[in-house]
Structure formats: C-alpha cells, structure tokens
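Here is the file final.txt (compact mmCIF, C-alpha atoms and all ligand atoms).
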```txt
# COMPACT_ATOMS: atom_id res chain seq x y z
CA MET A 1 0.00 0.00 0.00
CA ALA A 2 1.29 3.45 -0.91
CA THR A 3 2.18 5.74 1.96
CA ILE A 4 1.34 9.40 1.65
CA THR A 5 4.48 11.33 2.47
CA HIS A 6 3.23 14.85 1.84
CA THR A 7 0.01 16.75 2.44
CA ARG A 8 -1.97 16.91 -0.75
CA THR A 9 -3.55 20.29 -1.54
CA ASN A 10 -6.85 20.16 -3.37
CA PRO A 11 -6.16 21.20 -6.99
CA LEU A 12 -9.88 21.95 -7.44
CA SER A 13 -10.13 24.47 -4.59
CA TYR A 14 -10.64 27.28 -7.14
CA LEU A 15 -14.04 25.76 -7.91
CA SER A 16 -15.09 26.21 -4.30
CA ASP A 17 -13.93 29.84 -4.53
CA GLN A 18 -16.10 30.38 -7.58
CA LEU A 19 -19.12 28.80 -5.88
CA HIS A 20 -18.50 31.16 -2.98
CA ASP A 21 -18.64 34.10 -5.42
CA LEU A 22 -21.98 32.86 -6.76
CA LYS A 23 -23.31 32.73 -3.19
CA ASN A 24 -22.21 36.34 -2.63
CA LYS A 25 -23.93 37.38 -5.85
CA GLY A 26 -27.14 35.64 -4.82
CA THR A 27 -27.28 33.45 -7.92
CA TYR A 28 -26.18 30.18 -6.34
CA PHE A 29 -28.90 27.52 -6.44
CA ARG A 30 -29.62 24.06 -5.15
CA LEU A 31 -31.36 21.46 -7.29
CA ARG A 32 -35.04 21.07 -6.46
CA VAL A 33 -35.94 17.40 -6.26
CA LEU A 34 -39.24 16.12 -7.67
CA GLU A 35 -40.74 13.38 -5.54
CA ASP A 36 -43.65 12.33 -7.72
CA GLU A 37 -44.65 12.66 -11.39
CA GLN A 38 -43.81 15.59 -13.65
CA ALA A 39 -47.32 17.10 -13.50
CA PRO A 40 -49.02 20.53 -13.20
CA GLU A 41 -49.33 19.99 -9.47
CA CYS A 42 -46.55 18.00 -7.86
CA THR A 43 -44.14 17.71 -4.94
CA PHE A 44 -40.65 19.23 -4.96
CA ASP A 45 -38.53 18.89 -1.79
CA GLY A 46 -41.57 17.78 0.21
CA LYS A 47 -43.63 20.82 -0.83
CA ARG A 48 -46.84 20.63 -2.88
CA VAL A 49 -46.63 23.23 -5.67
CA VAL A 50 -48.30 24.42 -8.84
CA ASN A 51 -45.62 23.68 -11.40
CA LEU A 52 -44.94 26.54 -13.84
CA ALA A 53 -41.43 25.39 -14.69
CA SER A 54 -41.66 22.30 -16.84
CA ASN A 55 -41.53 21.91 -20.64
CA ASN A 56 -44.19 19.21 -20.44
CA TYR A 57 -46.46 21.33 -22.69
CA LEU A 58 -49.06 18.69 -23.44
CA GLY A 59 -48.96 16.63 -20.27
CA LEU A 60 -47.47 13.68 -22.17
CA THR A 61 -44.96 12.71 -19.45
CA THR A 62 -47.78 10.83 -17.73
CA HIS A 63 -50.04 9.95 -20.67
CA PRO A 64 -51.42 6.40 -20.23
CA LYS A 65 -50.70 5.44 -23.86
CA LEU A 66 -47.07 6.52 -23.57
CA ARG A 67 -46.63 4.67 -20.29
CA ALA A 68 -48.13 1.52 -21.79
CA ALA A 69 -45.90 1.78 -24.88
CA ALA A 70 -42.77 2.09 -22.72
CA LEU A 71 -43.71 -0.89 -20.57
CA GLU A 72 -44.59 -3.09 -23.53
CA ALA A 73 -41.34 -2.26 -25.34
CA THR A 74 -39.38 -3.06 -22.19
CA ARG A 75 -41.10 -6.42 -21.88
CA LYS A 76 -40.50 -7.24 -25.55
CA TYR A 77 -37.04 -5.80 -26.15
CA GLY A 78 -35.39 -5.27 -22.76
CA VAL A 79 -34.03 -2.10 -21.23
CA GLY A 80 -31.06 -1.12 -23.39
CA SER A 81 -29.89 -1.06 -27.01
CA GLY A 82 -26.42 -2.34 -26.20
CA ALA A 83 -24.38 -0.31 -28.68
CA VAL A 84 -24.11 2.83 -30.76
CA ARG A 85 -26.34 2.94 -33.82
CA THR A 86 -23.49 2.23 -36.29
CA ILE A 87 -22.23 -0.89 -34.48
CA ALA A 88 -25.16 -3.02 -33.27
CA GLY A 89 -27.47 -0.54 -31.60
CA THR A 90 -29.98 0.14 -34.39
CA MET A 91 -33.22 -1.59 -33.41
CA LYS A 92 -36.27 -1.85 -35.61
CA ILE A 93 -38.10 0.45 -33.23
CA HIS A 94 -35.50 3.23 -33.82
CA MET A 95 -36.16 3.01 -37.56
CA GLU A 96 -39.93 3.06 -36.97
CA LEU A 97 -39.63 6.21 -34.89
CA GLU A 98 -37.53 7.95 -37.55
CA GLU A 99 -39.99 7.03 -40.29
CA LYS A 100 -42.83 8.28 -38.13
CA ILE A 101 -41.11 11.64 -37.54
CA ALA A 102 -40.27 12.08 -41.24
CA ARG A 103 -43.91 11.46 -42.23
CA PHE A 104 -45.17 13.78 -39.50
CA LYS A 105 -42.80 16.56 -40.56
CA ASN A 106 -43.44 16.04 -44.26
CA VAL A 107 -39.76 15.48 -45.12
CA GLU A 108 -37.77 12.73 -46.81
CA ALA A 109 -35.95 11.42 -43.78
CA SER A 110 -35.11 11.94 -40.14
CA VAL A 111 -32.47 10.76 -37.69
CA VAL A 112 -32.80 10.60 -33.92
CA PHE A 113 -30.05 11.69 -31.53
CA GLN A 114 -29.78 11.10 -27.77
CA SER A 115 -30.98 14.64 -27.04
CA GLY A 116 -31.88 17.89 -28.75
CA PHE A 117 -28.52 19.16 -27.54
CA ALA A 118 -26.70 16.32 -29.30
CA ALA A 119 -28.82 16.80 -32.46
CA ASN A 120 -27.82 20.48 -32.75
CA SER A 121 -24.18 20.24 -31.75
CA GLY A 122 -23.66 17.02 -33.73
CA THR A 123 -25.29 18.36 -36.88
CA VAL A 124 -23.82 21.87 -37.04
CA SER A 125 -20.33 20.53 -36.36
CA ALA A 126 -20.72 17.82 -39.04
CA VAL A 127 -22.12 19.83 -41.94
CA LEU A 128 -19.65 22.74 -41.73
CA GLY A 129 -15.88 23.08 -41.55
CA LYS A 130 -13.23 25.69 -40.88
CA ASP A 131 -13.64 27.55 -44.19
CA ASP A 132 -17.40 28.02 -43.71
CA PHE A 133 -19.61 30.68 -42.08
CA ILE A 134 -22.42 30.43 -39.54
CA ILE A 135 -24.86 33.34 -39.36
CA SER A 136 -26.61 32.93 -36.02
CA ASP A 137 -29.23 34.81 -33.96
CA GLU A 138 -27.66 36.16 -30.76
CA LEU A 139 -30.22 34.31 -28.61
CA ASN A 140 -29.81 30.89 -30.24
CA HIS A 141 -29.61 27.91 -27.92
CA ALA A 142 -26.29 26.88 -26.29
CA SER A 143 -26.23 23.61 -28.26
CA ILE A 144 -26.13 25.58 -31.54
CA ILE A 145 -23.31 27.74 -30.20
CA ASP A 146 -21.34 24.67 -29.11
CA GLY A 147 -21.90 23.00 -32.49
CA ALA A 148 -20.75 26.16 -34.24
CA ARG A 149 -17.58 26.26 -32.13
CA LEU A 150 -16.85 22.57 -32.75
CA SER A 151 -17.22 23.07 -36.51
CA LYS A 152 -14.40 25.68 -36.44
CA ALA A 153 -16.43 27.73 -38.94
CA LYS A 154 -16.45 31.52 -38.57
CA ILE A 155 -19.42 32.62 -36.47
CA LEU A 156 -21.26 35.84 -37.39
CA VAL A 157 -23.90 36.76 -34.84
CA PHE A 158 -26.89 38.92 -35.78
CA ARG A 159 -29.01 40.95 -33.36
CA HIS A 160 -32.03 39.06 -32.06
CA LYS A 161 -34.61 38.61 -34.86
CA ASP A 162 -32.98 41.45 -36.80
CA VAL A 163 -33.36 40.37 -40.45
CA ALA A 164 -31.56 43.44 -41.82
CA HIS A 165 -28.57 42.68 -39.60
CA ALA A 166 -28.64 39.03 -40.69
CA GLU A 167 -28.52 40.25 -44.30
CA GLU A 168 -25.57 42.54 -43.53
CA GLN A 169 -23.71 39.57 -42.09
CA LEU A 170 -24.53 37.39 -45.11
CA LYS A 171 -23.50 40.17 -47.48
CA SER A 172 -20.18 40.63 -45.70
CA VAL A 173 -19.14 37.08 -46.62
CA ALA A 174 -21.05 36.69 -49.89
CA ASN A 175 -17.83 36.75 -51.95
CA GLN A 176 -16.03 34.22 -49.75
CA PRO A 177 -15.86 30.68 -51.10
CA GLY A 178 -17.01 28.97 -47.86
CA ARG A 179 -20.53 27.64 -47.30
CA LYS A 180 -22.99 29.71 -45.32
CA LEU A 181 -25.45 28.41 -42.73
CA LEU A 182 -28.26 30.70 -41.55
CA ILE A 183 -29.54 29.35 -38.25
CA THR A 184 -32.25 30.30 -35.78
CA ASP A 185 -34.32 28.88 -32.96
CA GLY A 186 -37.97 28.58 -34.08
CA VAL A 187 -39.21 29.66 -30.64
CA PHE A 188 -36.70 31.31 -28.29
CA SER A 189 -36.57 29.52 -24.98
CA MET A 190 -36.06 32.47 -22.64
CA ASP A 191 -38.42 35.08 -24.16
CA GLY A 192 -41.00 32.87 -25.86
CA ASP A 193 -40.90 34.85 -29.10
CA ILE A 194 -41.00 33.35 -32.59
CA ALA A 195 -38.29 33.70 -35.26
CA PRO A 196 -39.08 35.75 -38.42
CA LEU A 197 -38.86 32.58 -40.46
CA PRO A 198 -40.34 33.69 -43.82
CA ALA A 199 -37.91 36.61 -44.07
CA LEU A 200 -34.97 34.45 -43.01
CA CYS A 201 -35.89 31.81 -45.63
CA ASP A 202 -35.94 34.57 -48.27
CA LEU A 203 -32.47 35.65 -47.17
CA ALA A 204 -31.12 32.10 -47.22
CA GLU A 205 -32.36 31.70 -50.79
CA LYS A 206 -31.04 35.08 -51.89
CA TYR A 207 -27.54 34.35 -50.52
CA ARG A 208 -27.61 30.58 -51.27
CA ALA A 209 -27.17 29.75 -47.60
CA ILE A 210 -28.24 26.54 -45.89
CA MET A 211 -31.34 27.27 -43.75
CA MET A 212 -31.53 25.54 -40.36
CA VAL A 213 -34.20 25.87 -37.65
CA ASP A 214 -34.11 24.51 -34.10
CA ASP A 215 -37.76 23.90 -33.23
CA ALA A 216 -37.30 22.48 -29.72
CA HIS A 217 -39.95 24.71 -28.12
CA ALA A 218 -42.22 24.74 -31.18
CA SER A 219 -42.62 20.99 -31.64
CA GLY A 220 -46.00 19.97 -30.25
CA VAL A 221 -46.87 23.64 -29.71
CA LEU A 222 -47.07 25.51 -33.04
CA GLY A 223 -48.38 24.46 -36.47
CA LYS A 224 -50.94 21.82 -37.40
CA ASN A 225 -50.93 19.08 -34.72
CA GLY A 226 -47.73 20.64 -33.35
CA ARG A 227 -45.65 20.32 -36.52
CA GLY A 228 -43.63 23.40 -35.54
CA THR A 229 -42.73 26.82 -36.93
CA ILE A 230 -42.12 25.55 -40.47
CA ASP A 231 -45.75 24.48 -40.66
CA HIS A 232 -46.94 27.54 -38.71
CA PHE A 233 -45.47 29.82 -41.40
CA GLY A 234 -46.10 27.50 -44.37
CA MET A 235 -42.36 27.17 -45.04
CA HIS A 236 -42.39 23.49 -46.08
CA GLY A 237 -39.56 22.75 -48.51
CA ARG A 238 -37.67 25.97 -47.67
CA VAL A 239 -35.80 24.83 -44.55
CA ASP A 240 -32.92 22.47 -45.27
CA ILE A 241 -32.33 21.24 -41.73
CA GLN A 242 -35.02 21.05 -39.06
CA VAL A 243 -34.15 20.06 -35.52
CA GLY A 244 -36.70 19.07 -32.91
CA THR A 245 -36.66 17.61 -29.44
CA LEU A 246 -38.40 14.59 -27.97
CA SER A 247 -37.72 15.90 -24.46
CA LYS A 248 -40.23 18.75 -24.20
CA ALA A 249 -43.80 18.48 -25.56
CA ILE A 250 -43.15 14.88 -26.65
CA GLY A 251 -42.58 14.10 -22.98
CA ALA A 252 -39.65 11.67 -23.13
CA LEU A 253 -36.03 12.20 -24.24
CA GLY A 254 -34.12 12.75 -27.45
CA GLY A 255 -33.66 15.02 -30.43
CA TYR A 256 -34.07 14.61 -34.17
CA VAL A 257 -32.90 16.10 -37.44
CA CYS A 258 -35.17 16.24 -40.49
CA GLY A 259 -34.20 16.85 -44.10
CA THR A 260 -33.20 14.99 -47.22
CA ARG A 261 -32.26 11.29 -47.23
CA ASP A 262 -28.67 12.33 -48.05
CA LEU A 263 -28.47 14.72 -45.09
CA VAL A 264 -29.57 11.88 -42.81
CA GLU A 265 -27.16 9.36 -44.41
CA PHE A 266 -24.35 11.88 -44.08
CA LEU A 267 -25.13 12.28 -40.36
CA TYR A 268 -25.01 8.47 -39.97
CA HIS A 269 -21.38 8.77 -41.15
CA ARG A 270 -20.28 12.05 -39.59
CA GLY A 271 -22.61 13.01 -36.70
CA ARG A 272 -20.32 12.39 -33.75
CA PRO A 273 -22.98 11.83 -31.03
CA PHE A 274 -24.67 9.38 -33.44
CA LEU A 275 -21.40 7.53 -34.03
CA PHE A 276 -19.94 7.59 -30.55
CA SER A 277 -22.82 7.47 -28.05
CA THR A 278 -25.25 4.62 -27.43
CA SER A 279 -28.76 4.81 -28.88
CA HIS A 280 -32.02 5.12 -26.96
CA PRO A 281 -33.44 2.25 -24.93
CA PRO A 282 -36.38 0.68 -26.79
CA SER A 283 -38.80 2.04 -24.17
CA VAL A 284 -37.93 5.63 -25.10
CA ALA A 285 -38.32 4.99 -28.84
CA ALA A 286 -41.70 3.33 -28.23
CA THR A 287 -42.81 6.21 -26.00
CA CYS A 288 -41.98 8.74 -28.71
CA ILE A 289 -43.84 6.76 -31.41
CA ALA A 290 -46.91 6.77 -29.14
CA ALA A 291 -46.47 10.51 -28.53
CA PHE A 292 -46.63 11.35 -32.25
CA GLU A 293 -49.82 9.27 -32.46
CA VAL A 294 -51.28 11.31 -29.60
CA LEU A 295 -50.37 14.56 -31.41
CA GLU A 296 -52.44 13.42 -34.40
CA ARG A 297 -55.34 11.92 -32.44
CA GLU A 298 -55.73 14.41 -29.58
CA PRO A 299 -55.39 17.89 -31.11
CA GLU A 300 -57.59 19.18 -28.26
CA ARG A 301 -54.49 19.07 -26.04
CA ILE A 302 -52.85 21.77 -28.14
CA GLU A 303 -56.07 23.81 -28.06
CA ARG A 304 -56.13 23.64 -24.26
CA LEU A 305 -52.46 24.63 -24.12
CA TRP A 306 -53.24 27.81 -26.06
CA GLU A 307 -56.39 28.56 -24.04
CA ASN A 308 -54.37 28.34 -20.83
CA THR A 309 -51.61 30.43 -22.39
CA ARG A 310 -53.97 33.26 -23.38
CA TYR A 311 -55.63 33.30 -19.97
CA PHE A 312 -52.42 33.21 -17.95
CA LYS A 313 -50.56 35.85 -20.01
CA ASN A 314 -53.51 38.18 -19.83
CA GLU A 315 -53.83 37.84 -16.06
CA LEU A 316 -50.07 38.33 -15.52
CA GLY A 317 -50.27 41.56 -17.51
CA ASN A 318 -53.29 42.67 -15.43
CA LEU A 319 -51.28 42.11 -12.26
CA GLY A 320 -48.78 44.67 -13.58
CA PHE A 321 -45.79 42.43 -14.24
CA ASP A 322 -43.24 43.20 -16.93
CA ILE A 323 -43.69 40.11 -19.09
CA GLY A 324 -41.03 41.15 -21.59
CA GLY A 325 -42.44 44.53 -22.62
CA ARG A 326 -45.60 45.99 -21.06
CA SER A 327 -47.71 47.16 -24.00
CA THR A 328 -46.64 44.52 -26.54
CA PRO A 329 -45.00 41.61 -24.75
CA LYS A 330 -42.41 39.81 -26.83
CA SER A 331 -43.66 36.34 -25.97
CA GLU A 332 -46.09 34.77 -28.45
CA THR A 333 -46.02 31.26 -27.01
CA PRO A 334 -46.70 29.36 -23.75
CA ILE A 335 -43.34 30.61 -22.40
CA THR A 336 -43.90 33.84 -20.45
CA PRO A 337 -41.01 35.48 -18.60
CA ILE A 338 -41.53 37.85 -15.66
CA ILE A 339 -38.60 40.25 -15.82
CA THR A 340 -37.09 41.43 -12.53
CA GLY A 341 -33.83 42.91 -13.85
CA GLU A 342 -31.42 41.93 -11.09
CA GLY A 343 -30.35 38.29 -10.77
CA ARG A 344 -30.57 38.39 -6.98
CA LEU A 345 -34.19 39.58 -7.10
CA ALA A 346 -35.17 36.87 -9.61
CA MET A 347 -33.74 34.20 -7.33
CA GLU A 348 -35.43 35.66 -4.26
CA PHE A 349 -38.74 35.91 -6.14
CA SER A 350 -38.46 32.26 -7.13
CA ARG A 351 -37.65 31.16 -3.55
CA GLU A 352 -40.53 33.15 -2.04
CA LEU A 353 -42.97 31.81 -4.63
CA PHE A 354 -41.88 28.29 -3.81
CA LYS A 355 -42.55 28.82 -0.10
CA GLU A 356 -46.11 29.76 -1.01
CA GLY A 357 -46.64 26.84 -3.37
CA VAL A 358 -45.57 27.98 -6.84
CA MET A 359 -42.66 26.52 -8.75
CA ALA A 360 -41.17 29.02 -11.24
CA THR A 361 -37.45 28.97 -11.91
CA GLY A 362 -35.28 32.06 -11.51
CA ILE A 363 -32.98 32.59 -14.49
CA ALA A 364 -29.99 34.94 -14.40
CA PHE A 365 -26.73 35.63 -16.23
CA PRO A 366 -25.20 33.80 -18.15
CA THR A 367 -28.41 32.08 -19.32
CA VAL A 368 -29.93 35.51 -20.03
CA PRO A 369 -28.07 38.85 -20.44
CA GLU A 370 -26.97 40.80 -17.34
CA GLY A 371 -29.86 43.06 -16.16
CA LYS A 372 -32.52 40.84 -17.81
CA ALA A 373 -32.93 38.31 -15.01
CA ARG A 374 -36.38 36.81 -14.70
CA ILE A 375 -38.51 34.01 -13.58
CA ARG A 376 -39.81 31.97 -16.47
CA THR A 377 -43.30 30.50 -16.53
CA ILE A 378 -44.48 27.80 -18.92
CA MET A 379 -48.09 26.79 -19.45
CA SER A 380 -49.29 23.28 -20.10
CA ALA A 381 -52.47 21.84 -21.54
CA THR A 382 -53.16 20.05 -18.27
CA HIS A 383 -53.13 22.95 -15.80
CA THR A 384 -56.66 23.44 -14.47
CA ARG A 385 -58.19 26.92 -14.14
CA GLU A 386 -58.10 26.48 -10.33
CA GLU A 387 -54.37 25.76 -10.43
CA LEU A 388 -53.75 28.81 -12.58
CA ASP A 389 -55.82 31.07 -10.33
CA GLN A 390 -54.02 29.77 -7.27
CA ALA A 391 -50.66 30.47 -8.93
CA LEU A 392 -51.76 33.96 -10.03
CA ASP A 393 -52.89 34.80 -6.50
CA VAL A 394 -49.48 33.82 -5.09
CA LEU A 395 -47.61 35.63 -7.89
CA GLY A 396 -49.57 38.83 -7.22
CA ARG A 397 -49.03 38.74 -3.44
CA VAL A 398 -45.32 37.89 -3.56
CA GLY A 399 -44.74 40.32 -6.44
CA LYS A 400 -46.16 43.17 -4.35
CA ARG A 401 -44.28 42.15 -1.21
CA LEU A 402 -40.95 42.22 -3.08
CA GLY A 403 -41.80 45.47 -4.88
CA ILE A 404 -41.76 43.82 -8.33
CA VAL A 405 -45.23 45.21 -8.98
CA SER A 406 -46.69 48.29 -7.31
CA THR A 407 -49.37 47.81 -4.67
C1 LIG B 501 -34.25 22.41 -24.81
C2 LIG B 501 -33.63 22.89 -26.05
C3 LIG B 501 -32.69 22.11 -26.72
C4 LIG B 501 -32.16 20.83 -26.15
O1 LIG B 501 -33.08 19.79 -26.19
P1 LIG B 501 -32.88 18.54 -25.24
O2 LIG B 501 -33.66 17.47 -25.90
O3 LIG B 501 -33.37 18.91 -23.88
O4 LIG B 501 -31.40 18.24 -25.21
C5 LIG B 501 -32.20 22.58 -27.93
N1 LIG B 501 -32.62 23.76 -28.44
C6 LIG B 501 -33.51 24.54 -27.81
C7 LIG B 501 -33.94 25.83 -28.42
C8 LIG B 501 -34.04 24.13 -26.59
O5 LIG B 501 -34.90 24.92 -25.96
```
The structure in this file should be written as structure tokens.
Ligand SMILES: *Cc1c(COP(=O)(O)O)cnc(C)c1O
Amino acid sequence: MATITHTRTNPLSYLSDQLHDLKNKGTYFRLRVLEDEQAPECTFDGKRVVNLASNNYLGLTTHPKLRAAALEATRKYGVGSGAVRTIAGTMKIHMELEEKIARFKNVEASVVFQSGFAANSGTVSAVLGKDDFIISDELNHASIIDGARLSKAKILVFRHKDVAHAEEQLKSVANQPGRKLLITDGVFSMDGDIAPLPALCDLAEKYRAIMMVDDAHASGVLGKNGRGTIDHFGMHGRVDIQVGTLSKAIGALGGYVCGTRDLVEFLYHRGRPFLFSTSHPPSVAATCIAAFEVLEREPERIERLWENTRYFKNELGNLGFDIGGRSTPKSETPITPIITGEGRLAMEFSRELFKEGVMATGIAFPTVPEGKARIRTIMSATHTREELDQALDVLGRVGKRLGIVST
C-alpha cells in the first residue's frame, strides 16, 4: 500500500472559490428534487406546488398510452440497445420512430439523436468546416453555439430577430468561397418569441445559404398538430435542416434532425454523437412513437395549451408584471417570462414563490443577459383553471411584497 508522504492540496479548490462568489452574488442555487410525477401539481422537496417550470407542454410525461408503450417495449425488447447505432445498436423500433417523424414533418428522412442538444451540436459541427460561415441569432440555444464552435467555422452573430442585420452579415461574406449556414431557434426559450422565419428563408435563398431551424420549443406547440414553426409559417420545402426535441412536448427524451435522405445518411457517417454514443433504450423509442400518435389523435391538447396560455398571459399583464415589454410583450407562445432585472431579485422571487406553493425557476446571467434576469413561466395543456388562479394569486401577493409590482 502506498504511503502518503506529503500533504496533498486540493487542486480543485478554485471551484469552491467560484461557488463562494456565486453565493455572494445571490445566484447560487440548489437542485429542487421532484418526488412524484412531472405534472401541473406535484411535490418538490416535500412541498406541494403548482408547477410553472416544466416543458411538459401537453402533459405527455404521464399519458397512459405513452406509459403503456414504454412498458410493452421493455417487456419485448429489454431495457437497453447495447451499442451505438453504427455498431449493433440500431433496433427496428428506432427506424420506426424515424420514419414516423419524417412522415409527421413532411420530409424525406429523419435521424434521432440522444438529445436535442446532441442533435444540434452534432449536426452543425458535421455539416460545416473551418472555411465556412455560420450566421446565427444572438439568442440561439447553447447547443447551436457549441456545435458552431466545434465546426471551427467563422461565427457571425446577428441581433435578435434582426433580419436586416442578418442580411448585412450574409453580405459581408457573400464573396467568400465557404458555405454559409443561416440558423435560428424557431421559438426562443427564454423570451417565448417566434423567429421571423419567412424573411430568413428569403435571405437564405437570396444568398444561397443553408437554412436551419431549431424547433425544440415549437414541436408539439405551433403548427398543425404541433408540426412546428415551419408548418406555422407555411415554409415546407424551404428549410434544409429542421431540428426538434423529444424531451419537451413529446414528454420523453431525445432530439431529431429532419431533411433529405442524403443529409440523414451523411449524419449516420459524420454526426459524432450518433457515431460515438449509445442509442435510446427501446422504451424511449416506443414512448416517442406513441407521442406522435397522440399529437395526431388528440389535437384538443394543443387547443387547451393555447387557451391556458392566453388566460395566464392576460392575467399576468393585469397584475402589472413586466412580461417582456408591457404594451406589446415579446412572448407569443406558452413561455412567459416575468422580468425582474437583477439576478438576486429573480432568485429571491423564485424562492418566495416556492414557499407559497408555486414553482417558477429564476434565471440569471449567463443564461440571459446581465440586467434581464427573470422568472420563467411555462403553461401546459393540463393545468386546471383552479391551479392557474391559485398560482396567479401567489404571484400577485409575492410580487407586491418584493416590490416587483406596485401595490
Ligand atoms: C431544450 C432545447 C434544446 C435541447 O433539447 P434537449 O432534448 O433537452 O437536449 C435545444 N434547443 C432549444 C432551443 C431548446 O430549448
């Protein structure tokens, strides 16, 4: 046995120092632990709360058909796929899911990744190289930014939803030989606003750029039966690469890329998360297949989601909150931020709400810009009117107590 002859100093002590700084800033957090199902009313850390924090837009995390599909697939095919897709981990059920998604999205082909994050970072980094250009909205998701960095392409950021600025950026590299990728979130996750997709598609065509949309928060929410922003704007055939997630409205886990058969085949060969990380357990693939069936058979879920969204947004505005602009709030979707400005205040607001039975996450820098801290609320189809009224009552009281709205 080795004898320790010197005192070992902890080489990671700088991490503790940085955590200490976060505590001083008031933006340190602990993980809240869910003790029952992901549902509109549930128990975090022993406290019963109305849940305004989850991406479970349609209540599919607990849908009986999805549960049954997962259990049956587990009984039939076991719990794991045993390998990456390119070695031995492609099961028939993975192919069925991909065919289902392609038909649903009205595209030639689709490929599923382990997460939406992996789909974005794996795809952007595979389709572009160091001589290419990425023209990207400043509020695009972190997984797009990471993919862009991994690709080594030059990144040109345009101001949020600013089509003229996007055009300036495209123009500035129009004479360069590299390929251009114009990329945007369909729905922006922190403000709940929708990308100006028709104008961006026009630009992509004008400058012969590849058009890519990350529809994580639009899948299951916007468009016919939740087909996303491409369907919402009637842009079928004009977006070369569509990304979606299976982790939000679909209720399970995963991400997918839709496009031509050749795009998908190329990603089989060059998408690094596809090549180097094990595929989904059969239960998850089966769950997602069942979820797409529910989207087509139960459109009333999406209607209820939007009814709840209209009601809740309206009432939040009536309470006097800044929901991302007072006269014309930016959000056009079930995501509604309540802006507090300071990070410390957002975190305190979130903690006080929790004590009174409302779960709404505080979000501060670096997830949102400095001075734009907020709590973010997300509606679901399965919140009852009573739950929403209860949450609004608490929001109003705590908001006044903390001086976020005037009394
Ligand atoms: C959530 C999200 C992702 C990541 O999806 P996961 O399936 O959770 O990995 C990607 N893009 C956007 C815009 C998102 O909101």
Legend entry - Distance of atom CA of A:Ile241 from atom CA of A:Leu263, expressed in Å to one decimal place: 8.3 Å
Inset, instruction - Name the closest residue to A:Ala204 among the candidates A:Ala249, A:Leu170, A:Ala218, A:Leu353; distances are taken between atoms, counting only C-alpha atoms. - result: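 Answer, going by the shortest atom-to-atom distance: A:Leu170.
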Inset, instruction - One decimal, Å: what's the distance from atom CA of A:Gly362 over to atom CA of A:Asp389, could you say? - result: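 Atom CA of A:Gly362 sits 20.6 Å away from atom CA of A:Asp389.
Nearest to A:Arg376 of all the residues A:Val79, A:Ala53, A:Ala126, A:Ile302 is A:Ala53, based on all atoms listed in the file.
Surrounding stretch 280-283 of chain A within 8 Å are Ala69, Ala70, Leu71, Glu72, Ala73, Thr74, Tyr77, Gly78, Val79, Gly80, Ser81, Met91, Ile93, His94, Gln114 and Gly254 of chain A, with only C-alpha atoms counted and residues fewer than 5 positions along the same chain left out.
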Inset, instruction - List all protein, DNA and RNA residues that have an atom no more than 7 Å from any atom of ligand LIG 501 (chain B), counting all atoms listed in the file, and report them as a list in words. - result: Ser115, Gly116, Phe117, Ala118, Asn120, Asn140, His141, Ser143, Asp185, Val187, Phe188, Ser189, Asp214, Asp215, Ala216, His217, Thr245, Leu246, Ser247, Lys248, Leu253, Gly254 and Gly255 of chain A
Legend entry - Counting only C-alpha atoms, the option among A:Val213, A:Val358, A:Ala285, A:Val84 closest to A:Phe44: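 Comparing A:Val213, A:Val358, A:Ala285, A:Val84 against A:Phe44, the winner is A:Val358.
Take the candidates A:Thr340, A:Ser13, A:Ser279, A:Ser406 and check each one against A:Val111 using only C-alpha atoms; the shortest distance goes to A:Ser279.
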Inset, instruction - Pick out the closest residue to A:Thr382 from this set: A:His63, A:Arg351, A:Arg238, A:Lys23. Count only C-alpha atoms. - result: A:His63
Extract, using all atoms listed in the file, all DNA, RNA and protein residues at most 8 Å from A:Tyr57, discarding same-chain residues fewer than 6 positions from it, and format them as a compact mmCIF listing (two decimals) with C-alpha atoms, in the frame of the given file.
```
# COMPACT_ATOMS: atom_id res chain seq x y z
CA GLY A 220 -46.00 19.97 -30.25
CA VAL A 221 -46.87 23.64 -29.71
CA LYS A 248 -40.23 18.75 -24.20
CA ALA A 249 -43.80 18.48 -25.56
CA LEU A 305 -52.46 24.63 -24.12
CA ILE A 378 -44.48 27.80 -18.92
CA MET A 379 -48.09 26.79 -19.45
CA SER A 380 -49.29 23.28 -20.10
CA ALA A 381 -52.47 21.84 -21.54
```
Inset, instruction - Rank nothing, just name the residue among A:Glu296, A:Glu307, A:Asp17, A:Asp132 nearest to A:Arg385, using only C-alpha atoms. - result: A:Glu307
Inset, instruction - List the neighbours of A:Arg310 out to 9 Å using only C-alpha atoms; skip same-chain residues closer than 5 positions along the sequence, and give me the result as a PyMOL selection string. - result: chain A and resi 305+315+333-334
Legend entry - Within 12 Å of A:Glu96 using all atoms listed in the file, minus same-chain residues under 2 positions, as a list of chain:residue names: A:Thr90, A:Met91, A:Lys92, A:Ile93, A:His94, A:Glu98, A:Glu99, A:Lys100, A:Ile101, A:Ala102, A:Arg103, A:Ala109, A:Ser110, A:Val111, A:Val112, A:Pro282, A:Ala285, A:Ala286, A:Thr287, A:Cys288, A:Ile289, A:Ala290, A:Phe292
Give, as JSON, the centre coordinates and the x, y and z edge lengths in Å to one decimal for an axis-aligned box around all listed atoms of stretch 31-43 of chain A, padded by 6 Å on each side.
```
{"center_x": -40.3, "center_y": 16.9, "center_z": -9.3, "size_x": 30.0, "size_y": 21.1, "size_z": 20.7}
```
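Going from atom CA of A:Ala119 over to atom CA of A:Gly226, you cover 19.3 Å.
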